[in-house]
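Source file: target01.txt (compact mmCIF, C-alpha atoms and all ligand atoms)
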```
# COMPACT_ATOMS: atom_id res chain seq x y z
CA MET T 1 25.65 5.32 -1.38
CA SER T 2 28.97 4.60 0.27
CA PRO T 3 28.65 3.42 3.89
CA LYS T 4 31.51 5.83 4.77
CA THR T 5 29.78 9.00 3.61
CA LYS T 6 26.50 10.32 4.89
CA ALA T 7 23.64 10.30 2.40
CA LYS T 8 22.38 13.78 1.53
CA VAL T 9 18.65 13.88 2.19
CA ALA T 10 16.22 16.69 1.33
CA PHE T 11 12.52 17.34 1.92
CA PHE T 12 10.34 19.36 -0.43
CA ASP T 13 6.67 20.25 -0.12
CA PHE T 14 3.97 20.83 -2.73
CA THR T 15 0.17 20.75 -2.27
CA SER T 16 -0.10 19.51 1.29
CA CYS T 17 -0.74 20.42 4.92
CA GLU T 18 2.93 19.71 5.73
CA GLY T 19 1.74 17.23 8.34
CA CYS T 20 4.12 14.58 7.02
CA GLN T 21 7.13 16.81 7.59
CA ILE T 22 5.79 17.67 11.05
CA GLU T 23 5.39 13.94 11.69
CA LEU T 24 9.09 13.52 10.97
CA THR T 25 9.89 15.98 13.75
CA ASN T 26 7.78 13.76 16.04
CA LEU T 27 10.16 10.87 15.47
CA GLY T 28 11.71 11.47 18.86
CA GLU T 29 15.13 12.78 19.76
CA LYS T 30 16.81 9.38 20.06
CA ALA T 31 15.56 8.04 16.72
CA PHE T 32 16.16 11.34 14.95
CA MET T 33 19.71 11.71 16.27
CA GLY T 34 20.35 8.08 15.34
CA LEU T 35 19.29 8.87 11.78
CA LEU T 36 21.66 11.81 11.68
CA ASP T 37 24.55 9.40 12.25
CA HIS T 38 23.82 8.10 8.75
CA ILE T 39 22.25 10.96 6.80
CA GLU T 40 22.90 14.64 6.31
CA ILE T 41 19.72 16.68 5.93
CA VAL T 42 20.41 19.36 3.32
CA GLU T 43 16.91 20.87 3.00
CA PHE T 44 14.00 20.66 5.45
CA ARG T 45 12.17 23.91 5.83
CA GLU T 46 10.37 22.87 9.00
CA ALA T 47 13.67 23.02 10.84
CA MET T 48 16.35 24.83 8.79
CA SER T 49 16.66 27.71 6.32
CA GLU T 50 19.48 26.30 4.15
CA LYS T 51 18.59 25.03 0.66
CA ALA T 52 20.01 21.92 -1.00
CA GLN T 53 22.78 22.69 -3.48
CA GLY T 54 23.89 20.26 -6.16
CA ARG T 55 23.26 16.49 -6.06
CA ILE T 56 20.93 14.92 -3.50
CA ASP T 57 20.99 11.22 -2.61
CA ILE T 58 17.38 10.92 -1.45
CA SER T 59 14.64 13.50 -2.03
CA PHE T 60 11.38 13.19 -0.15
CA ILE T 61 8.50 15.01 -1.80
CA GLU T 62 5.45 15.86 0.25
CA GLY T 63 2.14 16.88 -1.29
CA SER T 64 0.33 16.32 -4.54
CA PHE T 65 1.03 17.77 -7.98
CA SER T 66 -1.89 20.14 -8.51
CA ARG T 67 -0.42 23.09 -10.43
CA GLU T 68 1.22 22.92 -13.82
CA ALA T 69 3.49 25.70 -12.56
CA ASP T 70 5.05 23.16 -10.14
CA ARG T 71 6.21 20.80 -12.89
CA LYS T 72 9.52 22.61 -13.49
CA ARG T 73 10.44 22.53 -9.81
CA LEU T 74 9.60 18.82 -9.64
CA GLU T 75 11.70 18.13 -12.73
CA ASP T 76 14.60 20.04 -11.21
CA ILE T 77 14.37 17.98 -8.01
CA ARG T 78 14.22 14.75 -10.06
CA SER T 79 17.23 15.71 -12.16
CA ARG T 80 19.32 16.40 -9.05
CA SER T 81 18.23 13.33 -7.06
CA ASN T 82 19.44 9.75 -7.13
CA VAL T 83 16.24 8.52 -5.46
CA VAL T 84 12.87 10.29 -5.27
CA ILE T 85 10.37 9.18 -2.64
CA ALA T 86 6.75 10.27 -2.39
CA PHE T 87 6.37 11.30 1.23
CA GLY T 88 2.88 10.57 2.52
CA ALA T 89 -0.51 9.93 0.96
CA CYS T 90 -0.85 13.27 -0.87
CA ALA T 91 2.38 12.72 -2.78
CA ALA T 92 1.86 8.97 -3.31
CA THR T 93 -1.73 8.98 -4.60
CA GLY T 94 -3.11 12.50 -4.24
CA GLY T 95 -4.52 11.53 -0.83
CA VAL T 96 -7.20 13.82 0.57
CA THR T 97 -6.21 16.62 -1.79
CA ALA T 98 -7.61 14.51 -4.65
CA LEU T 99 -11.11 14.77 -3.20
CA LYS T 100 -11.37 18.11 -4.95
CA ASN T 101 -11.06 16.32 -8.28
CA HIS T 102 -14.66 15.24 -7.77
CA MET T 103 -16.00 18.64 -6.75
CA SER T 104 -16.65 21.77 -8.75
CA ASP T 105 -17.63 24.19 -6.00
CA TYR T 106 -14.95 23.73 -3.34
CA SER T 107 -12.95 26.89 -4.03
CA GLU T 108 -15.31 29.52 -2.67
CA ALA T 109 -16.51 27.23 0.10
CA VAL T 110 -12.91 26.84 1.33
CA TYR T 111 -11.31 30.20 0.48
CA GLY T 112 -14.31 32.56 0.43
CA LYS T 113 -13.43 35.99 -0.94
CA ASP T 114 -9.83 34.89 -1.61
CA ALA T 115 -10.89 32.07 -3.95
CA LYS T 116 -9.67 33.83 -7.08
CA MET T 117 -6.19 34.72 -5.78
CA PRO T 118 -3.52 33.55 -8.27
CA HIS T 119 -1.59 31.32 -5.85
CA LEU T 120 -4.80 29.32 -5.21
CA ASP T 121 -5.24 28.55 -8.89
CA SER T 122 -4.91 24.78 -9.31
CA SER T 123 -6.28 21.91 -11.34
CA PHE T 124 -6.53 18.20 -10.52
CA ALA T 125 -4.58 16.99 -7.50
CA LEU T 126 -2.43 14.14 -8.83
CA PRO T 127 0.31 11.93 -7.43
CA VAL T 128 3.81 13.31 -7.87
CA SER T 129 4.33 10.40 -10.27
CA ALA T 130 2.06 12.23 -12.75
CA ALA T 131 4.91 14.71 -13.28
CA ILE T 132 8.14 12.83 -12.59
CA LYS T 133 9.40 9.30 -11.96
CA VAL T 134 8.95 8.31 -8.33
CA ASP T 135 11.02 5.44 -6.98
CA TYR T 136 9.24 4.62 -3.71
CA SER T 137 6.42 5.84 -1.48
CA VAL T 138 6.16 6.28 2.27
CA LEU T 139 2.43 5.80 2.74
CA GLY T 140 0.00 7.14 5.32
CA CYS T 141 -1.66 10.37 6.33
CA PRO T 142 0.48 11.43 7.99
CA MET T 143 3.33 9.32 6.67
CA SER T 144 4.27 6.25 8.65
CA GLN T 145 7.36 6.91 10.78
CA ALA T 146 8.20 3.20 10.86
CA GLU T 147 7.98 2.93 7.08
CA PHE T 148 10.10 6.06 6.67
CA VAL T 149 12.86 4.57 8.84
CA GLU T 150 12.52 1.19 7.10
CA ILE T 151 12.85 2.69 3.62
CA VAL T 152 15.80 4.92 4.53
CA SER T 153 17.50 2.03 6.29
CA SER T 154 16.93 -0.31 3.32
CA LEU T 155 18.35 2.21 0.86
CA LEU T 156 21.40 2.88 3.03
CA HIS T 157 22.03 -0.87 3.17
CA GLY T 158 21.49 -1.33 -0.56
CA LYS T 159 18.30 -3.34 -0.05
CA GLU T 160 14.99 -3.02 -1.88
CA PRO T 161 12.34 -1.59 0.51
CA VAL T 162 9.29 -3.82 0.92
CA ILE T 163 5.87 -2.16 0.88
CA PRO T 164 3.16 -4.53 2.18
CA ASN T 165 0.38 -5.56 -0.17
CA HIS T 166 -1.99 -7.25 2.25
CA PRO T 167 -4.97 -5.74 4.07
CA VAL T 168 -4.98 -4.03 7.46
CA CYS T 169 -7.34 -6.80 8.69
CA VAL T 170 -4.30 -9.10 8.84
CA GLU T 171 -2.49 -6.76 11.24
CA CYS T 172 -5.67 -6.34 13.24
CA LYS T 173 -6.04 -10.08 13.67
CA LYS T 174 -2.37 -10.43 14.64
CA LYS T 175 -3.06 -8.00 17.51
CA SER T 176 -6.29 -9.76 18.48
CA THR T 177 -8.13 -6.45 18.11
CA LEU T 178 -11.91 -6.64 18.23
CA CYS T 179 -13.35 -6.02 14.76
CA ARG T 180 -15.23 -2.73 14.42
CA TYR T 181 -18.01 -4.51 12.58
CA GLY T 182 -18.68 -6.53 15.72
CA GLN T 183 -19.07 -3.24 17.59
CA GLY T 184 -21.77 -1.82 15.31
CA ASP T 185 -19.20 0.30 13.46
CA HIS T 186 -17.79 0.35 9.93
CA CYS T 187 -14.19 -0.06 8.69
CA LEU T 188 -12.18 -0.02 5.44
CA GLY T 189 -9.50 -2.37 6.73
CA MET T 190 -10.36 -5.26 4.42
CA VAL T 191 -9.00 -3.40 1.38
CA ALA T 192 -6.64 -0.92 3.12
CA ARG T 193 -2.93 -1.47 2.57
CA ALA T 194 -1.23 -2.76 5.72
CA GLY T 195 2.07 -1.59 7.12
CA CYS T 196 0.84 0.69 9.89
CA GLY T 197 0.19 -2.04 12.46
CA ALA T 198 -3.56 -1.29 12.50
CA PRO T 199 -3.45 1.34 15.25
CA CYS T 200 -6.89 2.80 14.52
CA PRO T 201 -9.05 -0.28 15.19
CA ALA T 202 -6.84 -0.97 18.21
CA ASP T 203 -7.83 2.48 19.48
CA GLY T 204 -11.51 1.75 18.83
CA ILE T 205 -11.89 3.75 15.61
CA PRO T 206 -12.38 2.52 12.04
CA CYS T 207 -9.55 2.23 9.54
CA GLU T 208 -10.09 4.89 6.87
CA ALA T 209 -7.42 3.46 4.52
CA CYS T 210 -5.06 6.42 4.90
CA ARG T 211 -2.32 4.22 3.34
CA GLY T 212 -4.45 3.66 0.27
CA PHE T 213 -5.72 0.32 -0.94
CA VAL T 214 -4.03 -2.98 -1.69
CA ASP T 215 -3.52 -3.78 -5.37
CA HIS T 216 -6.77 -4.68 -7.12
CA PRO T 217 -9.19 -3.77 -4.29
CA ASN T 218 -12.83 -4.72 -4.74
CA GLN T 219 -14.22 -1.24 -4.16
CA GLU T 220 -17.73 -2.29 -5.15
CA ALA T 221 -17.78 -4.99 -2.47
CA LEU T 222 -16.35 -2.50 0.04
CA VAL T 223 -19.22 -0.09 -0.56
CA LYS T 224 -21.70 -2.96 -0.20
CA VAL T 225 -20.20 -4.02 3.15
CA LEU T 226 -20.11 -0.41 4.39
CA ARG T 227 -23.81 -0.16 3.58
CA GLU T 228 -25.05 -3.54 4.66
CA LYS T 229 -22.81 -4.26 7.64
CA GLY T 230 -21.66 -0.76 8.56
CA GLY T 231 -25.07 0.88 8.33
CA LEU T 232 -23.93 3.76 6.08
CA SER T 233 -26.14 5.30 3.44
CA GLU T 234 -25.20 4.56 -0.18
CA GLU T 235 -23.76 8.06 -0.70
CA ARG T 236 -21.82 8.03 2.56
CA ALA T 237 -20.52 4.53 1.89
CA PHE T 238 -19.27 5.55 -1.55
CA ASN T 239 -17.68 8.77 -0.26
CA LYS T 240 -16.04 6.88 2.62
CA SER T 241 -14.60 4.36 0.20
CA ARG T 242 -12.56 7.02 -1.56
CA ILE T 243 -11.62 9.41 1.23
CA PHE T 244 -7.89 8.70 0.73
CA THR T 245 -8.18 7.00 -2.64
CA ALA T 246 -9.98 9.51 -4.84
CA ASN T 247 -7.33 8.86 -7.51
CA LEU T 248 -7.86 5.14 -7.36
CA ARG T 249 -4.94 3.63 -9.21
CA SER T 250 -2.95 1.06 -7.29
CA ASP T 251 0.02 1.51 -9.62
CA ALA T 252 0.35 5.13 -8.43
CA VAL T 253 1.83 3.64 -5.25
CA LYS T 254 4.74 2.33 -7.28
CA GLY T 255 5.09 5.58 -9.12
CA ALA T 256 4.21 3.86 -12.36
CA GLY T 257 1.32 6.04 -13.41
CA ALA T 258 -1.41 8.44 -12.51
CA ARG T 259 -4.81 9.51 -13.54
CA LYS T 260 -4.57 11.61 -16.71
CA GLU T 261 -7.29 14.20 -17.28
S1 LIG Q 1 -0.52 12.95 3.64
FE1 LIG Q 1 -1.86 13.83 5.23
S2 LIG Q 1 -0.45 14.70 6.76
FE2 LIG Q 1 0.73 14.34 4.84
S3 LIG Q 1 0.66 16.28 3.75
FE3 LIG Q 1 -1.06 15.03 2.99
S4 LIG Q 1 -2.82 15.65 4.28
FE4 LIG Q 1 -0.96 16.34 5.32
S1 LIG Q 2 -11.59 -3.71 12.58
FE1 LIG Q 2 -11.33 -3.25 10.41
S2 LIG Q 2 -9.19 -3.81 9.98
FE2 LIG Q 2 -9.79 -4.80 11.89
S3 LIG Q 2 -10.50 -6.85 11.30
FE3 LIG Q 2 -12.30 -5.48 11.39
S4 LIG Q 2 -12.55 -4.75 9.29
FE4 LIG Q 2 -10.49 -5.57 9.45
S1 LIG Q 3 -5.40 1.63 10.51
FE1 LIG Q 3 -6.06 2.48 8.52
S2 LIG Q 3 -6.44 4.65 8.90
FE2 LIG Q 3 -5.26 3.86 10.64
S3 LIG Q 3 -3.10 4.27 10.13
FE3 LIG Q 3 -3.57 2.21 9.35
S4 LIG Q 3 -4.22 2.48 7.23
FE4 LIG Q 3 -4.33 4.48 8.22
```

Kindly transcribe the structure held in the file into structure tokens.
Ligand code: SF4
Ligand code: SF4
Ligand code: SF4
Amino acid sequence: MSPKTKAKVAFFDFTSCEGCQIELTNLGEKAFMGLLDHIEIVEFREAMSEKAQGRIDISFIEGSFSREADRKRLEDIRSRSNVVIAFGACAATGGVTALKNHMSDYSEAVYGKDAKMPHLDSSFALPVSAAIKVDYSVLGCPMSQAEFVEIVSSLLHGKEPVIPNHPVCVECKKKSTLCRYGQGDHCLGMVARAGCGAPCPADGIPCEACRGFVDHPNQEALVKVLREKGGLSEERAFNKSRIFTANLRSDAVKGAGARKE
């Protein structure tokens, strides 16, 4: 990307709540206008009706890949984009949408009489990387604004973005936040991937690992701690441990692979 021309940036959504795109609009006027000094947004349906034509420098893809019918659209985006970035937990790992991969009876419970409508027909919720090559991921549910800015800034400056691979506990300790376990609570921070600044424990609530896990997490030990120190039942501890990581594959974060079913 030449520093003299603005990078063309587009946003696309798949199986998601669109909360990550909404989170972008929460960036604040000053930060958003500052970004527009360096990028040209060519598709972003939360705020404009125009569609991206031709080549795109950076495509952000929100939402998981859960319908075979979406593969062609994903491939088209990939073929037109210099860089593809998974935008938020659903796109990076499947996020909460992947919880349905472990359920057989969700459809009628969620959609009732509409459960059989054709547009609701889907299979496993997988990371976008299950369909196309993904270059980077902005993690979080919703996506981390700071990480979004960091990744865009790095790419515009020709630098490799750095995604942390240490646990949220480290950020918690740096802020001198009281540990939830000392307050009779539970927390997933010991295996959750840092980069958010540990806002949840600082606000008095447990980390739920919305940014996924660090590489090689010890999920078995996590469940044990949730049970023995957090006071959760075995079933609740196990379910908690995969709320945002139902497709547990750390390499999905790098876009290198995905669960194949
Ligand atoms: S990552 Fe969270 S906020 Fe973003 S689309 Fe998925 S569910 Fe919504
Ligand atoms: S509150 Fe959670 S993230 Fe913070 S130190 Fe305790 S376990 Fe780690
Ligand atoms: S503290 Fe945990 S749940 Fe909260 S934003 Fe960070 S990773 Fe997500």

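Compared by their closest atoms to ligand LIG 3 (chain Q), and using only C-alpha atoms and all ligand atoms, the residues T:Ser137, T:Ser144, T:Thr245, T:Gln219 rank with T:Ser144 nearest.
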
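Using all atoms listed in the file, the nearest neighbour of T:Phe12 within the list T:Ser59, T:Ser122, T:Thr93, T:Ser64 is T:Ser59.
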
Per-residue nearest contacts of chain T to ligand LIG 2 (chain Q) (7 Å; all atoms listed in the file) as a Markdown table:
```
| residue | atom | partner | partner_atom | distance |
| --- | --- | --- | --- | --- |
| T:Val168 | CA | Q:LIG2 | S2 | 4.9 |
| T:Cys169 | CA | Q:LIG2 | FE4 | 3.5 |
| T:Cys172 | CA | Q:LIG2 | FE2 | 4.6 |
| T:Lys173 | CA | Q:LIG2 | S3 | 6.0 |
| T:Thr177 | CA | Q:LIG2 | FE2 | 6.6 |
| T:Leu178 | CA | Q:LIG2 | S1 | 6.4 |
| T:Cys179 | CA | Q:LIG2 | FE3 | 3.6 |
| T:Arg180 | CA | Q:LIG2 | S1 | 4.2 |
| T:Tyr181 | CA | Q:LIG2 | FE3 | 5.9 |
| T:Cys187 | CA | Q:LIG2 | FE1 | 4.6 |
| T:Leu188 | CA | Q:LIG2 | FE1 | 6.0 |
| T:Gly189 | CA | Q:LIG2 | S2 | 3.6 |
| T:Met190 | CA | Q:LIG2 | FE4 | 5.0 |
| T:Ala198 | CA | Q:LIG2 | S2 | 6.7 |
| T:Pro201 | CA | Q:LIG2 | S1 | 5.0 |
| T:Pro206 | CA | Q:LIG2 | FE1 | 6.1 |
| T:Cys207 | CA | Q:LIG2 | FE1 | 5.8 |
```

Test item: residues no farther than 7 Å from ligand LIG 3 (chain Q), counting all atoms listed in the file, as an MDAnalysis selection string: chainID T and resid 140:141 168 189 192:194 196:201 207:211

Spatial neighbours of T:Arg73, max dist 12 Å, all atoms listed in the file, sep filter under 2 positions, as an MDAnalysis selection string: chainID T and resid 12:14 61 65 67:71 75:80 128 131:132

Residues within 9 Å of stretch 220-234 of chain T, all atoms listed in the file, excluding chain neighbours under 2 positions, as JSON, numbers by chain: {"T": [180, 181, 184, 185, 186, 187, 188, 190, 191, 217, 218, 236, 237, 238, 239, 240, 241]}

Taking all atoms listed in the file into account, report as a short mmCIF file (atom, residue, chain, number, x, y, z; two decimals) with C-alpha atoms, in the frame of the given file which residues have an atom no farther than 8 Å from an atom of ligand LIG 1 (chain Q).
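Written out: selection.cif:
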```cif
data_model
loop_
_atom_site.label_atom_id
_atom_site.label_comp_id
_atom_site.auth_asym_id
_atom_site.auth_seq_id
_atom_site.Cartn_x
_atom_site.Cartn_y
_atom_site.Cartn_z
CA THR T 15 0.17 20.75 -2.27
CA SER T 16 -0.10 19.51 1.29
CA CYS T 17 -0.74 20.42 4.92
CA GLU T 18 2.93 19.71 5.73
CA GLY T 19 1.74 17.23 8.34
CA CYS T 20 4.12 14.58 7.02
CA GLN T 21 7.13 16.81 7.59
CA GLU T 23 5.39 13.94 11.69
CA GLU T 62 5.45 15.86 0.25
CA GLY T 63 2.14 16.88 -1.29
CA SER T 64 0.33 16.32 -4.54
CA PHE T 87 6.37 11.30 1.23
CA GLY T 88 2.88 10.57 2.52
CA ALA T 89 -0.51 9.93 0.96
CA CYS T 90 -0.85 13.27 -0.87
CA ALA T 91 2.38 12.72 -2.78
CA GLY T 94 -3.11 12.50 -4.24
CA GLY T 95 -4.52 11.53 -0.83
CA VAL T 96 -7.20 13.82 0.57
CA THR T 97 -6.21 16.62 -1.79
CA LEU T 139 2.43 5.80 2.74
CA GLY T 140 0.00 7.14 5.32
CA CYS T 141 -1.66 10.37 6.33
CA PRO T 142 0.48 11.43 7.99
CA MET T 143 3.33 9.32 6.67
#
```

Local residues around (-16.3, 16.7, -7.2), at most 12 Å away, using all atoms listed in the file, as a VMD selection string: chain T and resid 97 to 107 124 to 125 239 242 246 to 247

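Note that atom CA of T:Ile39 and atom CA of T:Gly54 are 16.0 Å apart.
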
Protein and nucleic acid residues near (24.8, 9.0, 0.4) (cut-off 12 Å, only C-alpha atoms) as a ChimeraX atom specification: /T:1-10,37-42,55-59,81-83,152-153,155-158

Neighbour list for T:Thr25 as a PyMOL selection string, cut-off 9 Å, all atoms listed in the file, skip fewer than 6 positions in-chain: chain T and resi 32+46-47

File dump, residues just selected, C-alpha atoms, as a tab-separated table (two decimals), keeping the file's coordinate frame:
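part.tsv, written as the output of this step:
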```
chain	number	residue	atom	x	y	z
T	32	PHE	CA	16.16	11.34	14.95
T	46	GLU	CA	10.37	22.87	9.00
T	47	ALA	CA	13.67	23.02	10.84
```
